[in-house]
Amino acid sequence: MLARPVLTLPQTSPQKPIPGSQSNTAAIRLRTQLVLIPTEVTNARGNRITDMKKEDFAVFENDKRQEIAFFEHVVTKAAMTKPTELPPGEFTNTFQKGPNRITIFVVDLLNSRMEEQKEARKQIFEFLSKSLDEKEPVCLIVVDGTGAWLVHEFTTDPKILADAVNEVKEHPTDIDRPPNNPEERLYKTLEGWHSKNAERAKAGLETRLNMLREEVGFEDMDANDRIRLTLVSLLEIGNAFAGIPGRKSLIWATAGFPFQVNNAAAFEKEGALHASDGPDLLPLYEQTWRVLGDANIAVYPLDVSDLVNPGYGGPSMGEALPRHVTMDMHVSNLENFADMTGGKFCDRSVNAKECFEQATSDSSDYYVLGIYDKSGTEKPGWRKLNVRTPRPGLQIRARSGYFVSAAKQEAPTEKKLMEMALFSPFDYTGLSLSVRFTGMTAGRKPETKKIHFEYTIPAGAVRLSKEDENQLKLEFGATARDASGKMAGSFTKVVEGKLGASQAQQVNEKGIVFKGELELGAGEYALSFAVMDQINENTGSVSAPLKVE
């Protein structure tokens, strides 16, 4: 049996336990937090304006002017954002601070057909092999039917990334299936609804309609799967880069998104979800938008879609499935996604090189405006943002909204988010965290050992406030997988309570230390550690190798 871990507060006097229960009830959250809005300002010629002052801006939320509580003019340089250096045996998800800029390339194999996937690979490969400035740090991510995967971490060597792109293979998806209607031929062969017998024709029509309903139902299920995987991928990417300072540019090479990009209410209302087809995706949608906003990620969709006439039917297609007439919304979806995050749509006239140059230019010189959100005090949902200036002749581009979270998180959602953090291919950086191994002792069995480890959360990473009575709720988790990827051990603990004034001061000034252990047999393992701050909805994770002899 695992020993019970103890939460300790760094101090010189004897340590005291945190008061409060260990229940799994959701914590009530009332908080006031800055919403940061990276903002681009140019003149009519597209030249950047570098002399703006705080009073030159006005921020409106749902058409109501807000006080600008934070203002900064940011000028970045092309330099690697490096992890914080720690002694051997310690691992962290924190990075050295600096006004650097980074660009993330995503090859979307999930929402693109095979030919479109080839086009995306071709554009990015040509750009990396011929055009990339060796000073600009870039990383490469692929999104496919299993989610998001880090193909190569940040590097300034374009050849390494070009070689990595070459290793990316196309994958057929459900949208590659031709829109044929094989049952038409069957019913025509058997006379179907053209029979002279009225009853037979009626029965044929009903059977045909039932088959068509099932076919449409299967298409809806496929679409929901792609919606879920797209949202999960965006959420993981947001969590992976949330702790890296500054504005991040995300170039997403895709043929489109599988849902209309709008606020959560519209996402639910417009039929993107079908509760009978699987779990409700609305909480995932809301969480994704919140994390993308907190991470200050600006999305630059790079359109690689084929120029296809949707009304064309080839000889092999037979008669197309009868369905409602719909317009191709992929371009408007990509434009909306760019607007909502403060990026810019790169249409078919723009190649990967031009899209990258636009993204890096935007991240090289910008303003950051901050307003306070009202989570827990107002109805949760999407808040429209509009940044204006009284100075004439200037053009402003900033994200068009942010998401206000609910006052409490549902327990199933918290569980899923912790599982994602522990099994993600990325280290989450939303909550600063370091872990070190503190020793091994004899296990319960002769062939096992107890692995002792210690989490450290630095001062200021967990925000406590008098408004919510210094409420603290942290979930600590760890997993160990062997060389084959099989789960070999796990650990989880929730610690919550209301801190007294002196303990809250210690957390704010000195941080938190938490101890735990796993029991493992001999072998080599990949360990993942995660901490979720369920009050402030921030998550940090870090991975580490371990050999047990």
# chains A, B, ... in the order shown; residues from 1 in each chain; ligands from 1

$ residues_around --residues "segment 87-101 of chain A" --least-positions-apart "3" --cutoff "7 Å" --atoms "only C-alpha atoms" --output "VMD selection string"
chain A and resid 75 to 79 81 to 84 244 to 246 248 363 to 364 427 429 432 to 437 541 to 542 544

$ closest_residue --among "A:Glu354, A:Phe154, A:Lys54, A:Thr230" --to "Ile124 of chain A" --atoms "only C-alpha atoms"
A:Glu354

$ residues_around --residues "Leu229 of chain A" --least-positions-apart "3" --cutoff "8 Å" --atoms "only C-alpha atoms" --output "MDAnalysis selection string"
chainID A and resid 145:147 225:226 232:233

$ atom_distance --atom1 "atom CA of Val494 of chain A" --atom2 "atom CA of Ala530 of chain A"
11.8 Å

$ closest_residue --among "A:Glu40, A:Glu549, A:Asp373, A:Glu475" --to "Phe491 of chain A" --atoms "only C-alpha atoms"
A:Glu475

$ select_by_dssp --residues "segment 221-250 of chain A" --states "alpha helix (DSSP H)" --output "ChimeraX atom specification"
/A:221-241

$ atom_distance --atom1 "atom CA of Leu140 of chain A" --atom2 "atom CA of Thr341 of chain A"
19.8 Å

$ residues_around --residues "segment 515-520 of chain A" --least-positions-apart "6" --cutoff "12 Å" --atoms "only C-alpha atoms" --output "mmCIF file with N, CA and C atoms, in the first residue's frame"
data_model
loop_
_atom_site.group_PDB
_atom_site.id
_atom_site.type_symbol
_atom_site.label_atom_id
_atom_site.label_comp_id
_atom_site.auth_asym_id
_atom_site.auth_seq_id
_atom_site.Cartn_x
_atom_site.Cartn_y
_atom_site.Cartn_z
ATOM 1 N N MET A 1 0.850 -1.195 0.000
ATOM 2 C CA MET A 1 0.000 0.000 0.000
ATOM 3 C C MET A 1 0.888 1.249 0.000
ATOM 4 N N LEU A 2 0.495 2.233 -0.771
ATOM 5 C CA LEU A 2 1.277 3.459 -0.843
ATOM 6 C C LEU A 2 1.124 4.270 0.430
ATOM 7 N N ALA A 3 2.229 4.857 0.844
ATOM 8 C CA ALA A 3 2.160 5.762 1.991
ATOM 9 C C ALA A 3 1.393 7.018 1.603
ATOM 10 N N ARG A 4 0.702 7.591 2.556
ATOM 11 C CA ARG A 4 -0.083 8.788 2.282
ATOM 12 C C ARG A 4 0.832 9.978 2.079
ATOM 13 N N PRO A 5 0.739 10.661 0.905
ATOM 14 C CA PRO A 5 1.584 11.819 0.656
ATOM 15 C C PRO A 5 1.182 12.999 1.524
ATOM 16 N N VAL A 6 2.123 13.859 1.754
ATOM 17 C CA VAL A 6 1.894 15.017 2.618
ATOM 18 C C VAL A 6 2.211 16.286 1.857
ATOM 19 N N LEU A 7 1.331 17.240 1.890
ATOM 20 C CA LEU A 7 1.572 18.561 1.324
ATOM 21 C C LEU A 7 2.305 19.390 2.348
ATOM 22 N N THR A 8 3.423 19.990 1.936
ATOM 23 C CA THR A 8 4.185 20.822 2.855
ATOM 24 C C THR A 8 4.347 22.203 2.274
ATOM 25 N N LEU A 9 4.382 23.163 3.151
ATOM 26 C CA LEU A 9 4.615 24.547 2.767
ATOM 27 C C LEU A 9 6.024 24.916 3.193
ATOM 28 N N VAL A 435 9.879 18.457 -10.750
ATOM 29 C CA VAL A 435 9.818 17.186 -10.028
ATOM 30 C C VAL A 435 11.228 16.643 -9.893
ATOM 31 N N ARG A 436 11.517 16.072 -8.740
ATOM 32 C CA ARG A 436 12.802 15.400 -8.563
ATOM 33 C C ARG A 436 12.586 14.094 -7.811
ATOM 34 N N PHE A 437 13.440 13.106 -8.153
ATOM 35 C CA PHE A 437 13.412 11.834 -7.449
ATOM 36 C C PHE A 437 14.240 11.970 -6.172
ATOM 37 N N THR A 438 13.673 11.502 -5.073
ATOM 38 C CA THR A 438 14.330 11.674 -3.779
ATOM 39 C C THR A 438 14.870 10.373 -3.200
ATOM 40 N N GLY A 439 14.707 9.260 -3.911
ATOM 41 C CA GLY A 439 15.292 8.012 -3.429
ATOM 42 C C GLY A 439 14.425 6.805 -3.715
ATOM 43 N N MET A 440 14.975 5.624 -3.428
ATOM 44 C CA MET A 440 14.264 4.353 -3.560
ATOM 45 C C MET A 440 14.412 3.574 -2.259
ATOM 46 N N THR A 441 13.332 2.906 -1.852
ATOM 47 C CA THR A 441 13.357 2.050 -0.669
ATOM 48 C C THR A 441 12.705 0.723 -1.029
ATOM 49 N N ALA A 442 12.824 -0.240 -0.133
ATOM 50 C CA ALA A 442 12.270 -1.570 -0.378
ATOM 51 C C ALA A 442 10.757 -1.495 -0.543
ATOM 52 N N GLY A 443 10.229 -2.261 -1.508
ATOM 53 C CA GLY A 443 8.800 -2.292 -1.742
ATOM 54 C C GLY A 443 8.109 -3.356 -0.922
ATOM 55 N N ARG A 444 6.833 -3.545 -1.179
ATOM 56 C CA ARG A 444 6.064 -4.556 -0.463
ATOM 57 C C ARG A 444 6.511 -5.958 -0.839
ATOM 58 N N LYS A 445 6.985 -6.095 -2.089
ATOM 59 C CA LYS A 445 7.448 -7.397 -2.568
ATOM 60 C C LYS A 445 8.967 -7.345 -2.777
ATOM 61 N N PRO A 446 9.636 -8.489 -2.703
ATOM 62 C CA PRO A 446 11.102 -8.490 -2.863
ATOM 63 C C PRO A 446 11.562 -7.937 -4.207
ATOM 64 N N GLU A 447 10.716 -8.113 -5.249
ATOM 65 C CA GLU A 447 11.132 -7.693 -6.591
ATOM 66 C C GLU A 447 10.745 -6.254 -6.910
ATOM 67 N N THR A 448 10.167 -5.509 -5.981
ATOM 68 C CA THR A 448 9.749 -4.137 -6.253
ATOM 69 C C THR A 448 10.446 -3.161 -5.321
ATOM 70 N N LYS A 449 10.417 -1.881 -5.756
ATOM 71 C CA LYS A 449 10.962 -0.800 -4.933
ATOM 72 C C LYS A 449 9.986 0.364 -4.937
ATOM 73 N N LYS A 450 9.991 1.097 -3.844
ATOM 74 C CA LYS A 450 9.211 2.320 -3.765
ATOM 75 C C LYS A 450 10.043 3.473 -4.311
ATOM 76 N N ILE A 451 9.479 4.175 -5.271
ATOM 77 C CA ILE A 451 10.143 5.315 -5.894
ATOM 78 C C ILE A 451 9.583 6.579 -5.245
ATOM 79 N N HIS A 452 10.426 7.310 -4.557
ATOM 80 C CA HIS A 452 9.989 8.529 -3.867
ATOM 81 C C HIS A 452 10.297 9.743 -4.752
ATOM 82 N N PHE A 453 9.336 10.641 -4.839
ATOM 83 C CA PHE A 453 9.524 11.840 -5.652
ATOM 84 C C PHE A 453 8.874 13.020 -4.970
ATOM 85 N N GLU A 454 9.215 14.204 -5.463
ATOM 86 C CA GLU A 454 8.766 15.441 -4.831
ATOM 87 C C GLU A 454 8.398 16.463 -5.901
ATOM 88 N N TYR A 455 7.157 16.939 -5.838
ATOM 89 C CA TYR A 455 6.719 18.036 -6.694
ATOM 90 C C TYR A 455 7.099 19.363 -6.032
ATOM 91 N N THR A 456 7.492 20.337 -6.841
ATOM 92 C CA THR A 456 7.699 21.701 -6.348
ATOM 93 C C THR A 456 6.955 22.672 -7.253
ATOM 94 N N ILE A 457 6.051 23.437 -6.667
ATOM 95 C CA ILE A 457 5.336 24.494 -7.385
ATOM 96 C C ILE A 457 5.877 25.816 -6.877
ATOM 97 N N PHE A 476 -2.823 16.059 -7.647
ATOM 98 C CA PHE A 476 -1.501 15.574 -8.037
ATOM 99 C C PHE A 476 -1.656 14.183 -8.653
ATOM 100 N N GLY A 477 -0.963 13.940 -9.754
ATOM 101 C CA GLY A 477 -1.041 12.639 -10.399
ATOM 102 C C GLY A 477 0.297 12.229 -10.980
ATOM 103 N N ALA A 478 0.484 10.917 -11.154
ATOM 104 C CA ALA A 478 1.698 10.385 -11.773
ATOM 105 C C ALA A 478 1.374 9.039 -12.390
ATOM 106 N N THR A 479 2.026 8.726 -13.494
ATOM 107 C CA THR A 479 1.907 7.417 -14.125
ATOM 108 C C THR A 479 3.286 6.929 -14.520
ATOM 109 N N ALA A 480 3.442 5.617 -14.572
ATOM 110 C CA ALA A 480 4.682 4.992 -15.032
ATOM 111 C C ALA A 480 4.323 3.975 -16.104
ATOM 112 N N ARG A 481 4.987 4.077 -17.257
ATOM 113 C CA ARG A 481 4.782 3.112 -18.335
ATOM 114 C C ARG A 481 6.101 2.440 -18.659
ATOM 115 N N ASP A 482 6.018 1.127 -18.940
ATOM 116 C CA ASP A 482 7.240 0.380 -19.227
ATOM 117 C C ASP A 482 7.659 0.580 -20.679
ATOM 118 N N MET A 487 0.934 0.355 -18.808
ATOM 119 C CA MET A 487 0.893 1.008 -17.509
ATOM 120 C C MET A 487 1.475 0.103 -16.437
ATOM 121 N N ALA A 488 2.444 0.633 -15.675
ATOM 122 C CA ALA A 488 3.095 -0.153 -14.628
ATOM 123 C C ALA A 488 2.764 0.359 -13.236
ATOM 124 N N GLY A 489 2.261 1.578 -13.130
ATOM 125 C CA GLY A 489 1.930 2.123 -11.824
ATOM 126 C C GLY A 489 1.312 3.493 -11.968
ATOM 127 N N SER A 490 0.521 3.896 -10.987
ATOM 128 C CA SER A 490 -0.114 5.214 -11.018
ATOM 129 C C SER A 490 -0.288 5.736 -9.610
ATOM 130 N N PHE A 491 -0.488 7.030 -9.539
ATOM 131 C CA PHE A 491 -0.599 7.709 -8.250
ATOM 132 C C PHE A 491 -1.482 8.936 -8.432
ATOM 133 N N THR A 492 -2.392 9.182 -7.492
ATOM 134 C CA THR A 492 -3.214 10.394 -7.559
ATOM 135 C C THR A 492 -3.636 10.809 -6.157
ATOM 136 N N LYS A 493 -3.746 12.091 -5.949
ATOM 137 C CA LYS A 493 -4.175 12.622 -4.657
ATOM 138 C C LYS A 493 -4.736 14.022 -4.853
ATOM 139 N N VAL A 494 -5.875 14.281 -4.231
ATOM 140 C CA VAL A 494 -6.478 15.608 -4.239
ATOM 141 C C VAL A 494 -6.324 16.213 -2.851
ATOM 142 N N VAL A 495 -5.799 17.404 -2.792
ATOM 143 C CA VAL A 495 -5.641 18.124 -1.527
ATOM 144 C C VAL A 495 -6.389 19.444 -1.647
ATOM 145 N N ALA A 526 8.949 5.279 -18.464
ATOM 146 C CA ALA A 526 8.661 6.680 -18.788
ATOM 147 C C ALA A 526 7.621 7.158 -17.794
ATOM 148 N N LEU A 527 7.986 8.142 -16.981
ATOM 149 C CA LEU A 527 7.091 8.655 -15.951
ATOM 150 C C LEU A 527 6.511 9.995 -16.370
ATOM 151 N N SER A 528 5.249 10.196 -16.043
ATOM 152 C CA SER A 528 4.589 11.481 -16.266
ATOM 153 C C SER A 528 4.031 11.969 -14.943
ATOM 154 N N PHE A 529 4.263 13.243 -14.650
ATOM 155 C CA PHE A 529 3.756 13.873 -13.438
ATOM 156 C C PHE A 529 2.877 15.047 -13.844
ATOM 157 N N LEU A 546 13.162 6.858 -16.048
ATOM 158 C CA LEU A 546 13.616 6.267 -14.784
ATOM 159 C C LEU A 546 14.017 4.821 -15.022
ATOM 160 N N LYS A 547 15.141 4.436 -14.452
ATOM 161 C CA LYS A 547 15.595 3.047 -14.511
ATOM 162 C C LYS A 547 15.638 2.490 -13.099
ATOM 163 N N VAL A 548 14.934 1.388 -12.899
ATOM 164 C CA VAL A 548 14.892 0.719 -11.603
ATOM 165 C C VAL A 548 15.673 -0.581 -11.713
ATOM 166 N N GLU A 549 16.673 -0.753 -10.866
ATOM 167 C CA GLU A 549 17.524 -1.952 -10.933
ATOM 168 C C GLU A 549 17.235 -2.881 -9.761
#

$ residues_around --residues "Thr539 of chain A" --least-positions-apart "2" --cutoff "6 Å" --atoms "only C-alpha atoms" --output "list in words"
Gly430, Leu431, Val531 and Met532 of chain A

$ residues_around --residues "Asn351 of chain A" --least-positions-apart "3" --cutoff "10 Å" --atoms "only C-alpha atoms" --output "PyMOL selection string"
chain A and resi 120+123-124+126-127+302-304+346-348+354-356

$ write_last_selection --atoms "N, CA and C atoms" --output "PDB file, in the first residue's frame"
ATOM      1  N   ALA A 120      -0.082  20.097 -48.178  1.00  0.00           N
ATOM      2  CA  ALA A 120       0.410  20.705 -46.938  1.00  0.00           C
ATOM      3  C   ALA A 120       1.864  20.318 -46.698  1.00  0.00           C
ATOM      4  N   GLN A 123       4.170  22.161 -49.257  1.00  0.00           N
ATOM      5  CA  GLN A 123       4.391  23.590 -48.985  1.00  0.00           C
ATOM      6  C   GLN A 123       5.350  23.787 -47.816  1.00  0.00           C
ATOM      7  N   ILE A 124       5.122  23.058 -46.742  1.00  0.00           N
ATOM      8  CA  ILE A 124       5.973  23.235 -45.564  1.00  0.00           C
ATOM      9  C   ILE A 124       7.381  22.743 -45.836  1.00  0.00           C
ATOM     10  N   GLU A 126       8.987  22.654 -48.760  1.00  0.00           N
ATOM     11  CA  GLU A 126       9.680  23.623 -49.620  1.00  0.00           C
ATOM     12  C   GLU A 126      10.086  24.862 -48.837  1.00  0.00           C
ATOM     13  N   PHE A 127       9.221  25.309 -47.945  1.00  0.00           N
ATOM     14  CA  PHE A 127       9.554  26.484 -47.141  1.00  0.00           C
ATOM     15  C   PHE A 127      10.737  26.205 -46.216  1.00  0.00           C
ATOM     16  N   LEU A 302      -3.618  27.970 -42.791  1.00  0.00           N
ATOM     17  CA  LEU A 302      -3.052  27.934 -44.144  1.00  0.00           C
ATOM     18  C   LEU A 302      -3.922  26.994 -44.969  1.00  0.00           C
ATOM     19  N   ASP A 303      -4.684  27.547 -45.905  1.00  0.00           N
ATOM     20  CA  ASP A 303      -5.665  26.791 -46.663  1.00  0.00           C
ATOM     21  C   ASP A 303      -4.962  25.938 -47.728  1.00  0.00           C
ATOM     22  N   VAL A 304      -5.093  24.608 -47.601  1.00  0.00           N
ATOM     23  CA  VAL A 304      -4.502  23.695 -48.592  1.00  0.00           C
ATOM     24  C   VAL A 304      -5.597  22.884 -49.271  1.00  0.00           C
ATOM     25  N   CYS A 346      -4.551  32.650 -44.144  1.00  0.00           N
ATOM     26  CA  CYS A 346      -3.659  32.535 -45.298  1.00  0.00           C
ATOM     27  C   CYS A 346      -4.386  31.732 -46.371  1.00  0.00           C
ATOM     28  N   ASP A 347      -4.954  32.425 -47.364  1.00  0.00           N
ATOM     29  CA  ASP A 347      -5.782  31.742 -48.351  1.00  0.00           C
ATOM     30  C   ASP A 347      -4.925  31.082 -49.424  1.00  0.00           C
ATOM     31  N   ARG A 348      -5.577  30.583 -50.488  1.00  0.00           N
ATOM     32  CA  ARG A 348      -4.861  29.814 -51.511  1.00  0.00           C
ATOM     33  C   ARG A 348      -3.821  30.642 -52.254  1.00  0.00           C
ATOM     34  N   GLU A 354       4.976  32.933 -47.140  1.00  0.00           N
ATOM     35  CA  GLU A 354       4.319  34.223 -46.877  1.00  0.00           C
ATOM     36  C   GLU A 354       3.525  34.187 -45.572  1.00  0.00           C
ATOM     37  N   CYS A 355       2.892  33.038 -45.294  1.00  0.00           N
ATOM     38  CA  CYS A 355       2.134  32.900 -44.051  1.00  0.00           C
ATOM     39  C   CYS A 355       3.071  32.992 -42.848  1.00  0.00           C
ATOM     40  N   PHE A 356       4.231  32.344 -42.950  1.00  0.00           N
ATOM     41  CA  PHE A 356       5.219  32.385 -41.871  1.00  0.00           C
ATOM     42  C   PHE A 356       5.740  33.805 -41.673  1.00  0.00           C
TER      43      PHE A 356
END

$ residues_around --residues "Ala69 of chain A" --least-positions-apart "2" --cutoff "12 Å" --atoms "only C-alpha atoms" --output "JSON list (two decimals) with N, CA, C and O atoms, in the first residue's frame"
[["chain", "number", "residue", "atom", "x", "y", "z"],
["A", 32, "THR", "N", -10.70, 37.04, -10.00],
["A", 32, "THR", "CA", -10.51, 38.17, -10.89],
["A", 32, "THR", "C", -9.16, 38.01, -11.55],
["A", 32, "THR", "O", -8.14, 37.97, -10.88],
["A", 33, "GLN", "N", -9.17, 37.86, -12.85],
["A", 33, "GLN", "CA", -7.95, 37.52, -13.58],
["A", 33, "GLN", "C", -7.80, 38.40, -14.81],
["A", 33, "GLN", "O", -8.79, 38.73, -15.46],
["A", 34, "LEU", "N", -6.58, 38.73, -15.12],
["A", 34, "LEU", "CA", -6.32, 39.54, -16.31],
["A", 34, "LEU", "C", -6.54, 38.73, -17.57],
["A", 34, "LEU", "O", -6.08, 37.59, -17.69],
["A", 35, "VAL", "N", -7.25, 39.30, -18.52],
["A", 35, "VAL", "CA", -7.35, 38.77, -19.86],
["A", 35, "VAL", "C", -6.40, 39.58, -20.73],
["A", 35, "VAL", "O", -6.58, 40.79, -20.90],
["A", 36, "LEU", "N", -5.37, 38.93, -21.24],
["A", 36, "LEU", "CA", -4.37, 39.62, -22.05],
["A", 36, "LEU", "C", -4.76, 39.59, -23.52],
["A", 36, "LEU", "O", -5.17, 38.55, -24.05],
["A", 37, "ILE", "N", -4.63, 40.72, -24.19],
["A", 37, "ILE", "CA", -5.06, 40.86, -25.59],
["A", 37, "ILE", "C", -3.89, 41.37, -26.42],
["A", 37, "ILE", "O", -3.65, 42.59, -26.50],
["A", 54, "LYS", "N", -1.06, 53.92, -23.80],
["A", 54, "LYS", "CA", -2.23, 53.27, -23.22],
["A", 54, "LYS", "C", -3.50, 54.04, -23.56],
["A", 54, "LYS", "O", -4.54, 53.44, -23.89],
["A", 55, "GLU", "N", -3.42, 55.37, -23.49],
["A", 55, "GLU", "CA", -4.60, 56.18, -23.76],
["A", 55, "GLU", "C", -5.01, 56.18, -25.23],
["A", 55, "GLU", "O", -6.09, 56.70, -25.59],
["A", 57, "PHE", "N", -5.73, 53.50, -26.81],
["A", 57, "PHE", "CA", -6.54, 52.31, -27.01],
["A", 57, "PHE", "C", -7.83, 52.39, -26.20],
["A", 57, "PHE", "O", -7.88, 53.00, -25.13],
["A", 58, "ALA", "N", -8.85, 51.73, -26.72],
["A", 58, "ALA", "CA", -10.11, 51.52, -25.99],
["A", 58, "ALA", "C", -10.53, 50.08, -26.23],
["A", 58, "ALA", "O", -10.54, 49.60, -27.37],
["A", 59, "VAL", "N", -10.85, 49.37, -25.14],
["A", 59, "VAL", "CA", -11.26, 47.97, -25.23],
["A", 59, "VAL", "C", -12.72, 47.85, -24.83],
["A", 59, "VAL", "O", -13.12, 48.35, -23.77],
["A", 66, "GLN", "N", -14.18, 48.82, -21.23],
["A", 66, "GLN", "CA", -13.53, 48.25, -20.05],
["A", 66, "GLN", "C", -12.28, 49.06, -19.70],
["A", 66, "GLN", "O", -11.63, 49.66, -20.58],
["A", 67, "GLU", "N", -11.95, 49.05, -18.43],
["A", 67, "GLU", "CA", -10.71, 49.69, -18.00],
["A", 67, "GLU", "C", -9.52, 48.85, -18.43],
["A", 67, "GLU", "O", -9.51, 47.63, -18.25],
["A", 71, "PHE", "N", -0.81, 47.37, -19.67],
["A", 71, "PHE", "CA", -0.38, 47.85, -20.99],
["A", 71, "PHE", "C", 1.11, 47.62, -21.14],
["A", 71, "PHE", "O", 1.89, 47.91, -20.23],
["A", 72, "GLU", "N", 1.49, 47.08, -22.29],
["A", 72, "GLU", "CA", 2.91, 46.85, -22.56],
["A", 72, "GLU", "C", 3.15, 46.84, -24.07],
["A", 72, "GLU", "O", 2.35, 46.29, -24.83],
["A", 368, "VAL", "N", 0.34, 44.63, -25.74],
["A", 368, "VAL", "CA", -0.48, 43.75, -24.92],
["A", 368, "VAL", "C", -1.36, 44.61, -24.03],
["A", 368, "VAL", "O", -0.86, 45.41, -23.23],
["A", 369, "LEU", "N", -2.66, 44.44, -24.18],
["A", 369, "LEU", "CA", -3.64, 45.13, -23.34],
["A", 369, "LEU", "C", -4.26, 44.11, -22.40],
["A", 369, "LEU", "O", -4.50, 42.97, -22.79],
["A", 370, "GLY", "N", -4.52, 44.51, -21.17],
["A", 370, "GLY", "CA", -5.10, 43.61, -20.20],
["A", 370, "GLY", "C", -6.34, 44.19, -19.56],
["A", 370, "GLY", "O", -6.35, 45.35, -19.12],
["A", 371, "ILE", "N", -7.41, 43.39, -19.52],
["A", 371, "ILE", "CA", -8.62, 43.76, -18.78],
["A", 371, "ILE", "C", -8.93, 42.63, -17.81],
["A", 371, "ILE", "O", -8.45, 41.51, -17.96],
["A", 372, "TYR", "N", -9.72, 42.92, -16.79],
["A", 372, "TYR", "CA", -10.09, 41.89, -15.82],
["A", 372, "TYR", "C", -11.33, 41.15, -16.29],
["A", 372, "TYR", "O", -12.32, 41.75, -16.70],
["A", 373, "ASP", "N", -11.26, 39.81, -16.21],
["A", 373, "ASP", "CA", -12.46, 39.02, -16.49],
["A", 373, "ASP", "C", -13.31, 38.95, -15.22],
["A", 373, "ASP", "O", -12.91, 39.44, -14.16]]

$ atom_distance --atom1 "atom CA of Met52 of chain A" --atom2 "atom CA of Arg290 of chain A"
28.1 Å
